[in-house]
$ cat work-v2.cif   # mmCIF, C-alpha atoms and all ligand atoms
data_start
#
loop_
_atom_site.group_PDB
_atom_site.id
_atom_site.type_symbol
_atom_site.label_atom_id
_atom_site.label_comp_id
_atom_site.auth_asym_id
_atom_site.auth_seq_id
_atom_site.Cartn_x
_atom_site.Cartn_y
_atom_site.Cartn_z
ATOM 1 C CA MET T 781 1.258 19.170 -15.508
ATOM 2 C CA LYS T 782 -1.191 17.316 -13.283
ATOM 3 C CA LYS T 783 0.193 15.187 -10.458
ATOM 4 C CA VAL T 784 0.844 11.536 -11.274
ATOM 5 C CA ALA T 785 0.164 8.682 -8.836
ATOM 6 C CA LEU T 786 1.066 4.998 -9.042
ATOM 7 C CA ILE T 787 -1.002 2.670 -6.891
ATOM 8 C CA THR T 788 0.172 -0.932 -6.623
ATOM 9 C CA GLY T 789 -2.299 -3.827 -6.532
ATOM 10 C CA SER T 790 -5.101 -1.540 -7.655
ATOM 11 C CA TYR T 791 -7.570 -3.436 -9.825
ATOM 12 C CA LYS T 792 -9.790 -4.104 -6.788
ATOM 13 C CA GLY T 793 -10.217 -3.475 -3.074
ATOM 14 C CA ILE T 794 -8.666 -0.526 -1.261
ATOM 15 C CA GLY T 795 -6.149 0.023 -4.076
ATOM 16 C CA PHE T 796 -8.791 0.565 -6.755
ATOM 17 C CA GLU T 797 -10.787 2.862 -4.501
ATOM 18 C CA THR T 798 -7.620 4.853 -3.668
ATOM 19 C CA ALA T 799 -6.961 5.277 -7.394
ATOM 20 C CA LYS T 800 -10.556 6.400 -7.875
ATOM 21 C CA GLN T 801 -10.425 8.972 -5.062
ATOM 22 C CA LEU T 802 -7.051 10.320 -6.231
ATOM 23 C CA GLY T 803 -8.464 10.565 -9.771
ATOM 24 C CA GLN T 804 -11.461 12.488 -8.429
ATOM 25 C CA ASN T 805 -8.907 14.884 -6.876
ATOM 26 C CA GLU T 806 -7.357 15.668 -10.269
ATOM 27 C CA PHE T 807 -4.466 13.179 -10.154
ATOM 28 C CA ILE T 808 -3.459 11.215 -13.217
ATOM 29 C CA VAL T 809 -3.566 7.666 -11.877
ATOM 30 C CA ILE T 810 -1.588 4.632 -12.948
ATOM 31 C CA VAL T 811 -3.341 1.464 -11.845
ATOM 32 C CA SER T 812 -1.442 -1.790 -11.726
ATOM 33 C CA ALA T 813 -2.093 -5.493 -11.321
ATOM 34 C CA ARG T 814 -0.169 -8.742 -11.565
ATOM 35 C CA LYS T 815 -2.340 -9.662 -14.553
ATOM 36 C CA GLY T 816 -2.073 -6.954 -17.209
ATOM 37 C CA LYS T 817 -5.650 -7.453 -18.413
ATOM 38 C CA ARG T 818 -6.987 -6.676 -14.934
ATOM 39 C CA ALA T 819 -4.975 -3.431 -14.838
ATOM 40 C CA ASP T 820 -6.293 -2.438 -18.283
ATOM 41 C CA GLU T 821 -9.880 -3.137 -17.222
ATOM 42 C CA ALA T 822 -9.426 -1.120 -14.004
ATOM 43 C CA ALA T 823 -8.114 1.843 -16.018
ATOM 44 C CA GLU T 824 -11.119 1.577 -18.358
ATOM 45 C CA ARG T 825 -13.523 1.606 -15.382
ATOM 46 C CA LEU T 826 -11.855 4.785 -14.084
ATOM 47 C CA LYS T 827 -11.831 6.433 -17.501
ATOM 48 C CA ALA T 828 -15.574 5.768 -17.738
ATOM 49 C CA GLU T 829 -15.897 7.969 -14.632
ATOM 50 C CA GLY T 830 -13.933 10.800 -16.260
ATOM 51 C CA ILE T 831 -10.624 9.982 -14.551
ATOM 52 C CA GLU T 832 -7.341 10.215 -16.454
ATOM 53 C CA ALA T 833 -6.073 6.676 -15.927
ATOM 54 C CA PHE T 834 -3.279 4.504 -17.292
ATOM 55 C CA SER T 835 -2.354 0.901 -16.578
ATOM 56 C CA VAL T 836 0.772 -1.171 -16.039
ATOM 57 C CA LYS T 837 1.259 -4.866 -15.445
ATOM 58 C CA LEU T 838 3.211 -5.060 -12.219
ATOM 59 C CA ASP T 839 4.055 -7.836 -9.817
ATOM 60 C CA ILE T 840 6.150 -5.934 -7.288
ATOM 61 C CA THR T 841 8.219 -9.052 -6.555
ATOM 62 C CA ASP T 842 9.304 -9.360 -10.199
ATOM 63 C CA GLU T 843 12.409 -7.230 -10.826
ATOM 64 C CA LYS T 844 11.952 -7.209 -14.595
ATOM 65 C CA GLU T 845 8.374 -5.946 -14.292
ATOM 66 C CA VAL T 846 9.499 -3.334 -11.746
ATOM 67 C CA ASP T 847 12.186 -2.100 -14.172
ATOM 68 C CA LYS T 848 9.672 -2.028 -17.027
ATOM 69 C CA ALA T 849 7.139 -0.056 -14.979
ATOM 70 C CA CYS T 850 9.803 2.469 -13.896
ATOM 71 C CA LYS T 851 10.889 2.923 -17.528
ATOM 72 C CA TYR T 852 7.263 3.413 -18.612
ATOM 73 C CA ILE T 853 6.662 6.105 -15.981
ATOM 74 C CA ALA T 854 9.989 7.837 -16.725
ATOM 75 C CA GLU T 855 9.289 7.968 -20.471
ATOM 76 C CA LYS T 856 5.623 8.904 -20.252
ATOM 77 C CA PHE T 857 5.609 11.346 -17.321
ATOM 78 C CA GLY T 858 9.261 12.080 -16.415
ATOM 79 C CA LYS T 859 8.356 12.156 -12.694
ATOM 80 C CA LEU T 860 6.174 10.502 -10.072
ATOM 81 C CA ASP T 861 4.334 12.604 -7.477
ATOM 82 C CA VAL T 862 2.699 9.866 -5.431
ATOM 83 C CA LEU T 863 3.528 6.224 -4.829
ATOM 84 C CA VAL T 864 0.954 4.203 -2.910
ATOM 85 C CA ASN T 865 2.476 0.896 -1.829
ATOM 86 C CA ASN T 866 -0.882 -0.818 -1.474
ATOM 87 C CA ALA T 867 -0.208 -4.342 -2.802
ATOM 88 C CA GLY T 868 -0.261 -6.829 0.021
ATOM 89 C CA ILE T 869 -1.178 -10.372 1.013
ATOM 90 C CA GLN T 870 -2.260 -12.213 4.130
ATOM 91 C CA LEU T 871 -1.577 -15.930 3.940
ATOM 92 C CA ASP T 872 -1.750 -17.013 7.604
ATOM 93 C CA ASN T 873 -5.525 -17.202 7.093
ATOM 94 C CA ASP T 874 -5.004 -20.818 6.051
ATOM 95 C CA SER T 875 -5.520 -21.748 9.700
ATOM 96 C CA PRO T 876 -8.199 -19.324 10.925
ATOM 97 C CA ASN T 877 -8.855 -21.346 14.096
ATOM 98 C CA VAL T 878 -5.327 -20.650 15.304
ATOM 99 C CA PRO T 879 -5.358 -16.988 16.347
ATOM 100 C CA ASN T 880 -1.604 -16.899 16.958
ATOM 101 C CA SER T 881 0.303 -18.591 14.122
ATOM 102 C CA VAL T 882 3.822 -17.965 15.467
ATOM 103 C CA GLU T 883 4.437 -21.578 16.547
ATOM 104 C CA THR T 884 3.197 -23.176 13.346
ATOM 105 C CA VAL T 885 3.536 -20.804 10.395
ATOM 106 C CA SER T 886 5.724 -22.296 7.671
ATOM 107 C CA HIS T 887 8.866 -20.681 6.260
ATOM 108 C CA LYS T 888 7.157 -20.834 2.873
ATOM 109 C CA ILE T 889 4.325 -18.601 4.071
ATOM 110 C CA LEU T 890 6.712 -16.302 5.932
ATOM 111 C CA LYS T 891 8.879 -15.884 2.831
ATOM 112 C CA GLU T 892 5.966 -15.414 0.440
ATOM 113 C CA THR T 893 4.398 -12.836 2.733
ATOM 114 C CA PHE T 894 7.630 -10.878 3.120
ATOM 115 C CA GLU T 895 8.275 -11.027 -0.643
ATOM 116 C CA SER T 896 5.095 -9.052 -1.391
ATOM 117 C CA ASN T 897 4.561 -7.035 1.789
ATOM 118 C CA PHE T 898 8.179 -5.980 2.381
ATOM 119 C CA PHE T 899 10.922 -6.888 -0.135
ATOM 120 C CA GLY T 900 8.788 -6.012 -3.152
ATOM 121 C CA VAL T 901 7.790 -2.663 -1.628
ATOM 122 C CA VAL T 902 11.384 -1.741 -0.773
ATOM 123 C CA GLY T 903 12.674 -2.770 -4.216
ATOM 124 C CA LEU T 904 10.000 -0.882 -6.158
ATOM 125 C CA THR T 905 10.315 2.245 -4.008
ATOM 126 C CA GLN T 906 14.104 2.347 -4.311
ATOM 127 C CA LYS T 907 13.853 2.135 -8.099
ATOM 128 C CA LEU T 908 11.176 4.835 -8.302
ATOM 129 C CA LEU T 909 12.942 7.266 -5.963
ATOM 130 C CA PRO T 910 14.813 9.136 -8.730
ATOM 131 C CA LEU T 911 11.415 9.911 -10.314
ATOM 132 C CA ILE T 912 9.773 10.807 -6.981
ATOM 133 C CA VAL T 913 12.468 13.333 -5.998
ATOM 134 C CA LYS T 914 11.755 15.110 -9.304
ATOM 135 C CA SER T 915 8.269 15.936 -7.990
ATOM 136 C CA GLU T 916 7.567 19.290 -6.359
ATOM 137 C CA GLN T 917 5.638 17.405 -3.641
ATOM 138 C CA GLY T 918 6.626 13.729 -3.631
ATOM 139 C CA ARG T 919 4.545 11.521 -1.353
ATOM 140 C CA ILE T 920 5.033 7.853 -0.511
ATOM 141 C CA VAL T 921 2.259 6.096 1.392
ATOM 142 C CA ASN T 922 2.950 2.603 2.664
ATOM 143 C CA VAL T 923 -0.311 0.788 3.260
ATOM 144 C CA SER T 924 0.415 -0.870 6.544
ATOM 145 C CA SER T 925 -1.898 -2.179 9.248
ATOM 146 C CA ILE T 926 -2.592 -1.757 12.904
ATOM 147 C CA MET T 927 -1.576 -5.452 12.967
ATOM 148 C CA GLY T 928 2.025 -4.252 12.486
ATOM 149 C CA SER T 929 1.956 -2.257 15.728
ATOM 150 C CA LEU T 930 4.363 -3.736 18.307
ATOM 151 C CA THR T 931 2.906 -1.487 21.008
ATOM 152 C CA MET T 932 -0.636 -2.772 20.461
ATOM 153 C CA HIS T 933 0.395 -6.418 20.158
ATOM 154 C CA ALA T 934 2.265 -6.175 23.481
ATOM 155 C CA ASP T 935 -0.728 -4.586 25.257
ATOM 156 C CA LYS T 936 -3.074 -7.204 26.760
ATOM 157 C CA THR T 937 -5.938 -4.684 26.780
ATOM 158 C CA SER T 938 -5.636 -3.816 23.078
ATOM 159 C CA PRO T 939 -8.377 -5.018 20.679
ATOM 160 C CA ILE T 940 -5.805 -6.901 18.550
ATOM 161 C CA PHE T 941 -4.047 -8.677 21.438
ATOM 162 C CA ASN T 942 -5.748 -12.030 20.782
ATOM 163 C CA LEU T 943 -5.288 -11.947 17.019
ATOM 164 C CA LYS T 944 -1.732 -12.680 15.888
ATOM 165 C CA PRO T 945 -1.228 -13.914 12.294
ATOM 166 C CA PHE T 946 2.562 -13.822 12.629
ATOM 167 C CA ALA T 947 3.713 -13.632 8.995
ATOM 168 C CA TYR T 948 1.339 -10.799 8.116
ATOM 169 C CA ASP T 949 1.936 -8.863 11.322
ATOM 170 C CA ALA T 950 5.742 -9.131 11.144
ATOM 171 C CA SER T 951 5.740 -8.045 7.486
ATOM 172 C CA LYS T 952 3.739 -4.915 8.339
ATOM 173 C CA THR T 953 6.049 -4.154 11.290
ATOM 174 C CA ALA T 954 8.993 -4.378 8.873
ATOM 175 C CA LEU T 955 7.135 -2.141 6.430
ATOM 176 C CA ASN T 956 6.682 0.446 9.190
ATOM 177 C CA GLN T 957 10.430 0.367 9.838
ATOM 178 C CA PHE T 958 10.933 1.071 6.114
ATOM 179 C CA THR T 959 8.668 4.120 6.495
ATOM 180 C CA VAL T 960 10.701 5.460 9.423
ATOM 181 C CA HIS T 961 14.100 4.837 7.798
ATOM 182 C CA LEU T 962 13.110 6.233 4.402
ATOM 183 C CA ALA T 963 11.469 9.308 5.954
ATOM 184 C CA ALA T 964 14.696 10.025 7.847
ATOM 185 C CA ALA T 965 16.800 9.540 4.713
ATOM 186 C CA LEU T 966 14.595 11.953 2.734
ATOM 187 C CA ASP T 967 14.068 14.485 5.512
ATOM 188 C CA ASN T 968 15.953 17.240 3.662
ATOM 189 C CA THR T 969 13.990 16.733 0.445
ATOM 190 C CA LYS T 970 10.438 17.603 -0.628
ATOM 191 C CA VAL T 971 9.426 13.950 -0.296
ATOM 192 C CA LYS T 972 7.304 12.762 2.644
ATOM 193 C CA VAL T 973 6.880 9.115 3.609
ATOM 194 C CA ASN T 974 4.158 7.794 5.910
ATOM 195 C CA SER T 975 2.398 4.562 6.863
ATOM 196 C CA ALA T 976 -1.399 4.349 6.740
ATOM 197 C CA HIS T 977 -3.755 1.912 8.454
ATOM 198 C CA PRO T 978 -6.934 1.837 6.341
ATOM 199 C CA GLY T 979 -9.074 0.247 9.082
ATOM 200 C CA TRP T 980 -10.730 -3.172 8.967
ATOM 201 C CA VAL T 981 -12.202 -3.016 5.496
ATOM 202 C CA LYS T 982 -14.564 -5.300 3.562
ATOM 203 C CA THR T 983 -12.323 -6.657 0.774
ATOM 204 C CA ASP T 984 -11.051 -10.083 -0.282
ATOM 205 C CA LEU T 985 -8.295 -9.639 2.322
ATOM 206 C CA GLY T 986 -10.392 -8.040 5.062
ATOM 207 C CA GLY T 987 -13.276 -10.506 4.717
ATOM 208 C CA GLU T 988 -17.043 -10.132 4.829
ATOM 209 C CA ASN T 989 -17.273 -9.337 8.535
ATOM 210 C CA ALA T 990 -15.204 -6.164 8.236
ATOM 211 C CA PRO T 991 -17.214 -3.103 9.304
ATOM 212 C CA MET T 992 -15.686 -0.538 6.923
ATOM 213 C CA THR T 993 -16.388 0.129 3.252
ATOM 214 C CA VAL T 994 -13.579 0.580 0.716
ATOM 215 C CA GLU T 995 -14.709 4.209 0.356
ATOM 216 C CA ASP T 996 -13.853 4.867 4.019
ATOM 217 C CA GLY T 997 -10.825 2.544 3.940
ATOM 218 C CA ALA T 998 -9.144 4.577 1.214
ATOM 219 C CA LYS T 999 -9.569 7.866 3.095
ATOM 220 C CA SER T 1000 -6.553 7.499 5.432
ATOM 221 C CA ILE T 1001 -4.356 6.758 2.409
ATOM 222 C CA VAL T 1002 -5.660 9.523 0.154
ATOM 223 C CA GLU T 1003 -5.281 12.060 2.961
ATOM 224 C CA LEU T 1004 -1.563 11.201 3.302
ATOM 225 C CA CYS T 1005 -1.109 11.420 -0.502
ATOM 226 C CA MET T 1006 -2.427 14.970 -0.395
ATOM 227 C CA ILE T 1007 -0.613 16.494 2.627
ATOM 228 C CA ASP T 1008 1.155 19.772 1.943
ATOM 229 C CA GLU T 1009 4.707 20.779 2.892
ATOM 230 C CA ASN T 1010 3.645 21.187 6.547
ATOM 231 C CA GLY T 1011 2.325 17.621 6.720
ATOM 232 C CA PRO T 1012 3.945 14.795 8.672
ATOM 233 C CA ASN T 1013 6.991 12.775 7.587
ATOM 234 C CA GLY T 1014 7.705 9.335 9.053
ATOM 235 C CA GLY T 1015 4.395 8.823 10.867
ATOM 236 C CA PHE T 1016 1.749 6.083 11.154
ATOM 237 C CA PHE T 1017 -1.859 7.234 10.790
ATOM 238 C CA HIS T 1018 -5.495 6.168 10.633
ATOM 239 C CA MET T 1019 -8.048 8.801 9.638
ATOM 240 C CA GLY T 1020 -5.593 11.600 10.366
ATOM 241 C CA LYS T 1021 -4.817 10.372 13.890
ATOM 242 C CA PRO T 1022 -1.385 8.964 14.854
ATOM 243 C CA LEU T 1023 -1.106 5.275 15.752
ATOM 244 C CA PRO T 1024 1.519 3.748 18.072
ATOM 245 C CA TRP T 1025 4.389 1.920 16.322
HETATM 246 N N1 LIG M 1101 -8.845 -4.975 4.221
HETATM 247 C C1 LIG M 1101 -8.390 -4.682 5.431
HETATM 248 O O1 LIG M 1101 -9.120 -4.819 6.431
HETATM 249 C C2 LIG M 1101 -6.991 -4.176 5.615
HETATM 250 C C3 LIG M 1101 -6.595 -3.758 6.896
HETATM 251 C C4 LIG M 1101 -5.321 -3.250 7.087
HETATM 252 C C5 LIG M 1101 -4.454 -3.172 6.005
HETATM 253 N N2 LIG M 1101 -4.835 -3.599 4.776
HETATM 254 C C6 LIG M 1101 -3.866 -3.491 3.665
HETATM 255 O O2 LIG M 1101 -4.468 -2.840 2.584
HETATM 256 C C7 LIG M 1101 -3.833 -3.243 1.356
HETATM 257 C C8 LIG M 1101 -4.901 -3.576 0.326
HETATM 258 O O3 LIG M 1101 -5.604 -4.703 0.777
HETATM 259 P P1 LIG M 1101 -7.135 -5.023 0.411
HETATM 260 O O4 LIG M 1101 -7.838 -5.197 1.679
HETATM 261 O O5 LIG M 1101 -7.639 -4.072 -0.602
HETATM 262 O O6 LIG M 1101 -6.971 -6.497 -0.197
HETATM 263 P P2 LIG M 1101 -7.207 -7.106 -1.658
HETATM 264 O O7 LIG M 1101 -8.539 -6.718 -2.189
HETATM 265 O O8 LIG M 1101 -6.858 -8.541 -1.510
HETATM 266 O O9 LIG M 1101 -6.107 -6.361 -2.540
HETATM 267 C C9 LIG M 1101 -4.729 -6.618 -2.417
HETATM 268 C C10 LIG M 1101 -4.124 -6.354 -3.770
HETATM 269 O O10 LIG M 1101 -2.692 -6.525 -3.684
HETATM 270 C C11 LIG M 1101 -2.309 -7.255 -4.846
HETATM 271 N N3 LIG M 1101 -1.005 -7.900 -4.645
HETATM 272 C C12 LIG M 1101 -0.646 -8.785 -3.702
HETATM 273 N N4 LIG M 1101 0.636 -9.136 -3.876
HETATM 274 C C13 LIG M 1101 1.087 -8.458 -4.960
HETATM 275 C C14 LIG M 1101 2.316 -8.404 -5.649
HETATM 276 N N5 LIG M 1101 3.355 -9.145 -5.295
HETATM 277 N N6 LIG M 1101 2.433 -7.552 -6.714
HETATM 278 C C15 LIG M 1101 1.389 -6.800 -7.101
HETATM 279 N N7 LIG M 1101 0.181 -6.841 -6.508
HETATM 280 C C16 LIG M 1101 0.042 -7.664 -5.460
HETATM 281 C C17 LIG M 1101 -3.436 -8.232 -5.069
HETATM 282 O O11 LIG M 1101 -3.363 -8.748 -6.373
HETATM 283 P P3 LIG M 1101 -3.792 -10.271 -6.701
HETATM 284 O O12 LIG M 1101 -5.288 -10.276 -6.765
HETATM 285 O O13 LIG M 1101 -3.128 -10.519 -8.012
HETATM 286 O O14 LIG M 1101 -3.265 -11.144 -5.588
HETATM 287 C C18 LIG M 1101 -4.618 -7.320 -4.842
HETATM 288 O O15 LIG M 1101 -4.917 -6.581 -6.004
HETATM 289 C C19 LIG M 1101 -2.922 -4.413 1.730
HETATM 290 O O16 LIG M 1101 -1.584 -3.974 1.831
HETATM 291 C C20 LIG M 1101 -3.438 -4.841 3.105
HETATM 292 O O17 LIG M 1101 -2.447 -5.453 3.885
HETATM 293 C C21 LIG M 1101 -6.088 -4.095 4.553
#
$ encode --input "work-v2.cif" --output "structure tokens" --more "lines below"
Ligand SMILES: NC(=O)c1ccc[n+]([C@@H]2O[C@H](COP(=O)([O-])OP(=O)(O)OC[C@H]3O[C@@H](n4cnc5c(N)ncnc54)[C@H](OP(=O)(O)O)[C@@H]3O)[C@@H](O)[C@H]2O)c1
Amino acid sequence: MKKVALITGSYKGIGFETAKQLGQNEFIVIVSARKGKRADEAAERLKAEGIEAFSVKLDITDEKEVDKACKYIAEKFGKLDVLVNNAGIQLDNDSPNVPNSVETVSHKILKETFESNFFGVVGLTQKLLPLIVKSEQGRIVNVSSIMGSLTMHADKTSPIFNLKPFAYDASKTALNQFTVHLAAALDNTKVKVNSAHPGWVKTDLGGENAPMTVEDGAKSIVELCMIDENGPNGGFFHMGKPLPW
């Protein structure tokens, strides 16, 4: 049976392109979106390109939808080879003139950001793990960001030093910790878990000034989905090169 991949938040942006590139590499892809119709349409667009695609409605912060999606995958495929935790939000952008939001960001924005970028990812992954360990080559890729790097944020010479949207950055740092802990927990299994930084990519989240296309942005993720048994476990990468935590 072909390998099966679930990509969260994948009706547009880096998620859709990741689904497309995995499909072009012979994966069966399950695209998902908070609005079911958007997921269905994304699957149709992929099918039109000859990709074997399915769709699920999935808000990763909604436990009932998570349970439903897990049941669907279990019944239809009996395993999951690749989970791409791509869904994510950046809400600090509400005050773009304040490069460091740590003194002003509201608890509401902090909580909402962590719900999608961290708690939802952990909850979904935990529930899918029994299906992922059934794979001969289970891969989990957490779509993180260089903005989650503590090392780079603490370095005054780093290109991100003067840009500190606190809620987003802290949620991606927490996500990276999830990568490290889960990789350690699964070290004696066939499953590998890594964080990817796609780059600064032109999407609704990345904005119009971003220099990278979605085609290039998806590459770091797809590469980690396709590593063999000698590939890394518990690392943080951009275009195959390690990034500092
Ligand atoms: N673009 C960049 O420069 C850049 C850089 C570094 C990292 N990243 C990361 O790359 C990932 C993809 O971002 P993107 O740039 O492609 O942005 P995007 O076009 O805004 O896509 C983000 C997707 O995540 C979905 N999503 C958000 N919260 C969700 C939830 N609770 N449940 C399910 N889906 C949810 C969104 O759905 P809705 O439309 O329904 O909100 C949307 O489809 C994110 O994790 C982001 O942090 C992006």
$ resolve_selection --input "work-v2.cif" --expression "the PyMOL selection byres (((chain T and resi 984) around 10) and not hetatm)" --output "ChimeraX atom specification"
/T:792-794,869,981-983,985-988
$ closest_residue --input "work-v2.cif" --among "T:Pro1024, T:Pro991, T:Gly1015, T:Gly979" --to "ligand LIG 1101 (chain M)" --atoms "all atoms listed in the file"
T:Gly979
$ residues_near_point --input "work-v2.cif" --point "(-1.9, -4.4, -21.6)" --cutoff "8 Å" --atoms "only C-alpha atoms" --output "mmCIF file with C-alpha atoms, in the frame of the given file"
data_model
loop_
_atom_site.group_PDB
_atom_site.id
_atom_site.type_symbol
_atom_site.label_atom_id
_atom_site.label_comp_id
_atom_site.auth_asym_id
_atom_site.auth_seq_id
_atom_site.Cartn_x
_atom_site.Cartn_y
_atom_site.Cartn_z
ATOM 1 C CA GLY T 816 -2.073 -6.954 -17.209
ATOM 2 C CA LYS T 817 -5.650 -7.453 -18.413
ATOM 3 C CA ALA T 819 -4.975 -3.431 -14.838
ATOM 4 C CA ASP T 820 -6.293 -2.438 -18.283
ATOM 5 C CA SER T 835 -2.354 0.901 -16.578
ATOM 6 C CA VAL T 836 0.772 -1.171 -16.039
ATOM 7 C CA LYS T 837 1.259 -4.866 -15.445
#
$ residues_near_ligand --input "work-v2.cif" --ligand "ligand LIG 1101 (chain M)" --cutoff "8 Å" --atoms "all atoms listed in the file" --output "PyMOL selection string"
chain T and resi 788-796+812-815+838-842+865-870+895-897+900+923-927+948+952+977-987+990+992+994+997
$ residues_around --input "work-v2.cif" --residues "Leu911 (chain T)" --least-positions-apart "3" --cutoff "9 Å" --atoms "only C-alpha atoms" --output "PDB file with C-alpha atoms, in the frame of the given file"
ATOM      1  CA  CYS T 850       9.803   2.469 -13.896  1.00  0.00           C
ATOM      2  CA  ILE T 853       6.662   6.105 -15.981  1.00  0.00           C
ATOM      3  CA  ALA T 854       9.989   7.837 -16.725  1.00  0.00           C
ATOM      4  CA  GLY T 858       9.261  12.080 -16.415  1.00  0.00           C
ATOM      5  CA  LYS T 859       8.356  12.156 -12.694  1.00  0.00           C
ATOM      6  CA  LEU T 860       6.174  10.502 -10.072  1.00  0.00           C
ATOM      7  CA  ASP T 861       4.334  12.604  -7.477  1.00  0.00           C
ATOM      8  CA  LYS T 907      13.853   2.135  -8.099  1.00  0.00           C
ATOM      9  CA  LEU T 908      11.176   4.835  -8.302  1.00  0.00           C
ATOM     10  CA  LYS T 914      11.755  15.110  -9.304  1.00  0.00           C
ATOM     11  CA  SER T 915       8.269  15.936  -7.990  1.00  0.00           C
TER      12      SER T 915
END
$ resolve_selection --input "work-v2.cif" --expression "the PyMOL selection byres (((chain T and resi 806) around 8) and not hetatm)" --output "list in words"
Lys782, Lys783, Leu802, Gly803, Gln804, Asn805, Phe807, Ile808 and Ile831 of chain T
$ closest_residue --input "work-v2.cif" --among "T:Gly1014, T:Pro939, T:Pro879, T:Pro945" --to "Thr893 (chain T)" --atoms "only C-alpha atoms"
T:Pro945
$ residues_near_point --input "work-v2.cif" --point "(0.7, 3.5, -1.6)" --cutoff "9 Å" --atoms "all atoms listed in the file" --output "PyMOL selection string"
chain T and resi 785-788+795+798+862-867+919-923+975-976+1001-1002+1005
$ closest_residue --input "work-v2.cif" --among "T:Val809, T:Ala963, T:Asn942, T:Met781" --to "Ser881 (chain T)" --atoms "only C-alpha atoms"
T:Asn942
$ atom_distance --input "work-v2.cif" --atom1 "CA of Val973 (chain T)" --atom2 "CA of Ala822 (chain T)"
26.1 Å
$ atom_distance --input "work-v2.cif" --atom1 "CA of Phe894 (chain T)" --atom2 "CA of Gln801 (chain T)"
28.1 Å
$ atom_distance --input "work-v2.cif" --atom1 "CA of His1018 (chain T)" --atom2 "CA of Ser929 (chain T)"
12.3 Å
$ closest_residue --input "work-v2.cif" --among "T:Ile940, T:Val784, T:Val901, T:Val971" --to "Asn1010 (chain T)" --atoms "all atoms listed in the file"
T:Val971
$ residues_around --input "work-v2.cif" --residues "Glu1003 (chain T)" --least-positions-apart "5" --cutoff "9 Å" --atoms "all atoms listed in the file" --output "PDB file with C-alpha atoms, in the coordinates of the input"
ATOM      1  CA  ALA T 998      -9.144   4.577   1.214  1.00  0.00           C
ATOM      2  CA  MET T1019      -8.048   8.801   9.638  1.00  0.00           C
ATOM      3  CA  GLY T1020      -5.593  11.600  10.366  1.00  0.00           C
TER       4      GLY T1020
END
$ residues_around --input "work-v2.cif" --residues "Lys891 (chain T)" --least-positions-apart "6" --cutoff "10 Å" --atoms "all atoms listed in the file" --output "ChimeraX atom specification"
/T:897-899,947,951
$ residues_around --input "work-v2.cif" --residues "Leu966 (chain T)" --least-positions-apart "2" --cutoff "12 Å" --atoms "all atoms listed in the file" --output "JSON, numbers by chain"
{"T": [906, 909, 910, 912, 913, 918, 919, 920, 958, 959, 960, 961, 962, 963, 964, 968, 969, 970, 971, 972, 973, 974, 1013, 1014]}
$ closest_residue --input "work-v2.cif" --among "T:Lys999, T:Gly1011, T:Gln957, T:Ile810" --to "Trp1025 (chain T)" --atoms "all atoms listed in the file"
T:Gln957
$ closest_residue --input "work-v2.cif" --among "T:Gly903, T:Ala823, T:Glu832, T:Phe857" --to "Lys844 (chain T)" --atoms "all atoms listed in the file"
T:Gly903
$ axis_aligned_box --input "work-v2.cif" --around "region 974-984 of chain T" --padding-each-side "4 Å" --output "AutoDock Vina command-line options"
--center_x -5.2 --center_y -1.1 --center_z 4.4 --size_x 26.7 --size_y 25.9 --size_z 17.4
$ build_atoms --input "work-v2.cif" --residues "region 844-854 of chain T" --atoms "N, CA and C atoms" --output "PDB file, in the coordinates of the input"
ATOM      1  N   LYS T 844      12.065  -7.633 -13.185  1.00  0.00           N
ATOM      2  CA  LYS T 844      11.952  -7.209 -14.595  1.00  0.00           C
ATOM      3  C   LYS T 844      10.722  -6.336 -14.794  1.00  0.00           C
ATOM      4  N   GLU T 845       9.606  -6.746 -14.164  1.00  0.00           N
ATOM      5  CA  GLU T 845       8.374  -5.946 -14.292  1.00  0.00           C
ATOM      6  C   GLU T 845       8.521  -4.601 -13.587  1.00  0.00           C
ATOM      7  N   VAL T 846       9.254  -4.594 -12.471  1.00  0.00           N
ATOM      8  CA  VAL T 846       9.499  -3.334 -11.746  1.00  0.00           C
ATOM      9  C   VAL T 846      10.301  -2.390 -12.658  1.00  0.00           C
ATOM     10  N   ASP T 847      11.356  -2.927 -13.276  1.00  0.00           N
ATOM     11  CA  ASP T 847      12.186  -2.100 -14.172  1.00  0.00           C
ATOM     12  C   ASP T 847      11.353  -1.559 -15.339  1.00  0.00           C
ATOM     13  N   LYS T 848      10.508  -2.415 -15.885  1.00  0.00           N
ATOM     14  CA  LYS T 848       9.672  -2.028 -17.027  1.00  0.00           C
ATOM     15  C   LYS T 848       8.688  -0.915 -16.636  1.00  0.00           C
ATOM     16  N   ALA T 849       8.096  -1.071 -15.451  1.00  0.00           N
ATOM     17  CA  ALA T 849       7.139  -0.056 -14.979  1.00  0.00           C
ATOM     18  C   ALA T 849       7.841   1.280 -14.736  1.00  0.00           C
ATOM     19  N   CYS T 850       9.037   1.228 -14.152  1.00  0.00           N
ATOM     20  CA  CYS T 850       9.803   2.469 -13.896  1.00  0.00           C
ATOM     21  C   CYS T 850      10.129   3.158 -15.215  1.00  0.00           C
ATOM     22  N   LYS T 851      10.528   2.371 -16.207  1.00  0.00           N
ATOM     23  CA  LYS T 851      10.889   2.923 -17.528  1.00  0.00           C
ATOM     24  C   LYS T 851       9.654   3.579 -18.167  1.00  0.00           C
ATOM     25  N   TYR T 852       8.524   2.898 -18.049  1.00  0.00           N
ATOM     26  CA  TYR T 852       7.263   3.413 -18.612  1.00  0.00           C
ATOM     27  C   TYR T 852       6.919   4.776 -17.995  1.00  0.00           C
ATOM     28  N   ILE T 853       7.020   4.851 -16.675  1.00  0.00           N
ATOM     29  CA  ILE T 853       6.662   6.105 -15.981  1.00  0.00           C
ATOM     30  C   ILE T 853       7.663   7.207 -16.338  1.00  0.00           C
ATOM     31  N   ALA T 854       8.948   6.844 -16.393  1.00  0.00           N
ATOM     32  CA  ALA T 854       9.989   7.837 -16.725  1.00  0.00           C
ATOM     33  C   ALA T 854       9.747   8.407 -18.119  1.00  0.00           C
TER      34      ALA T 854
END
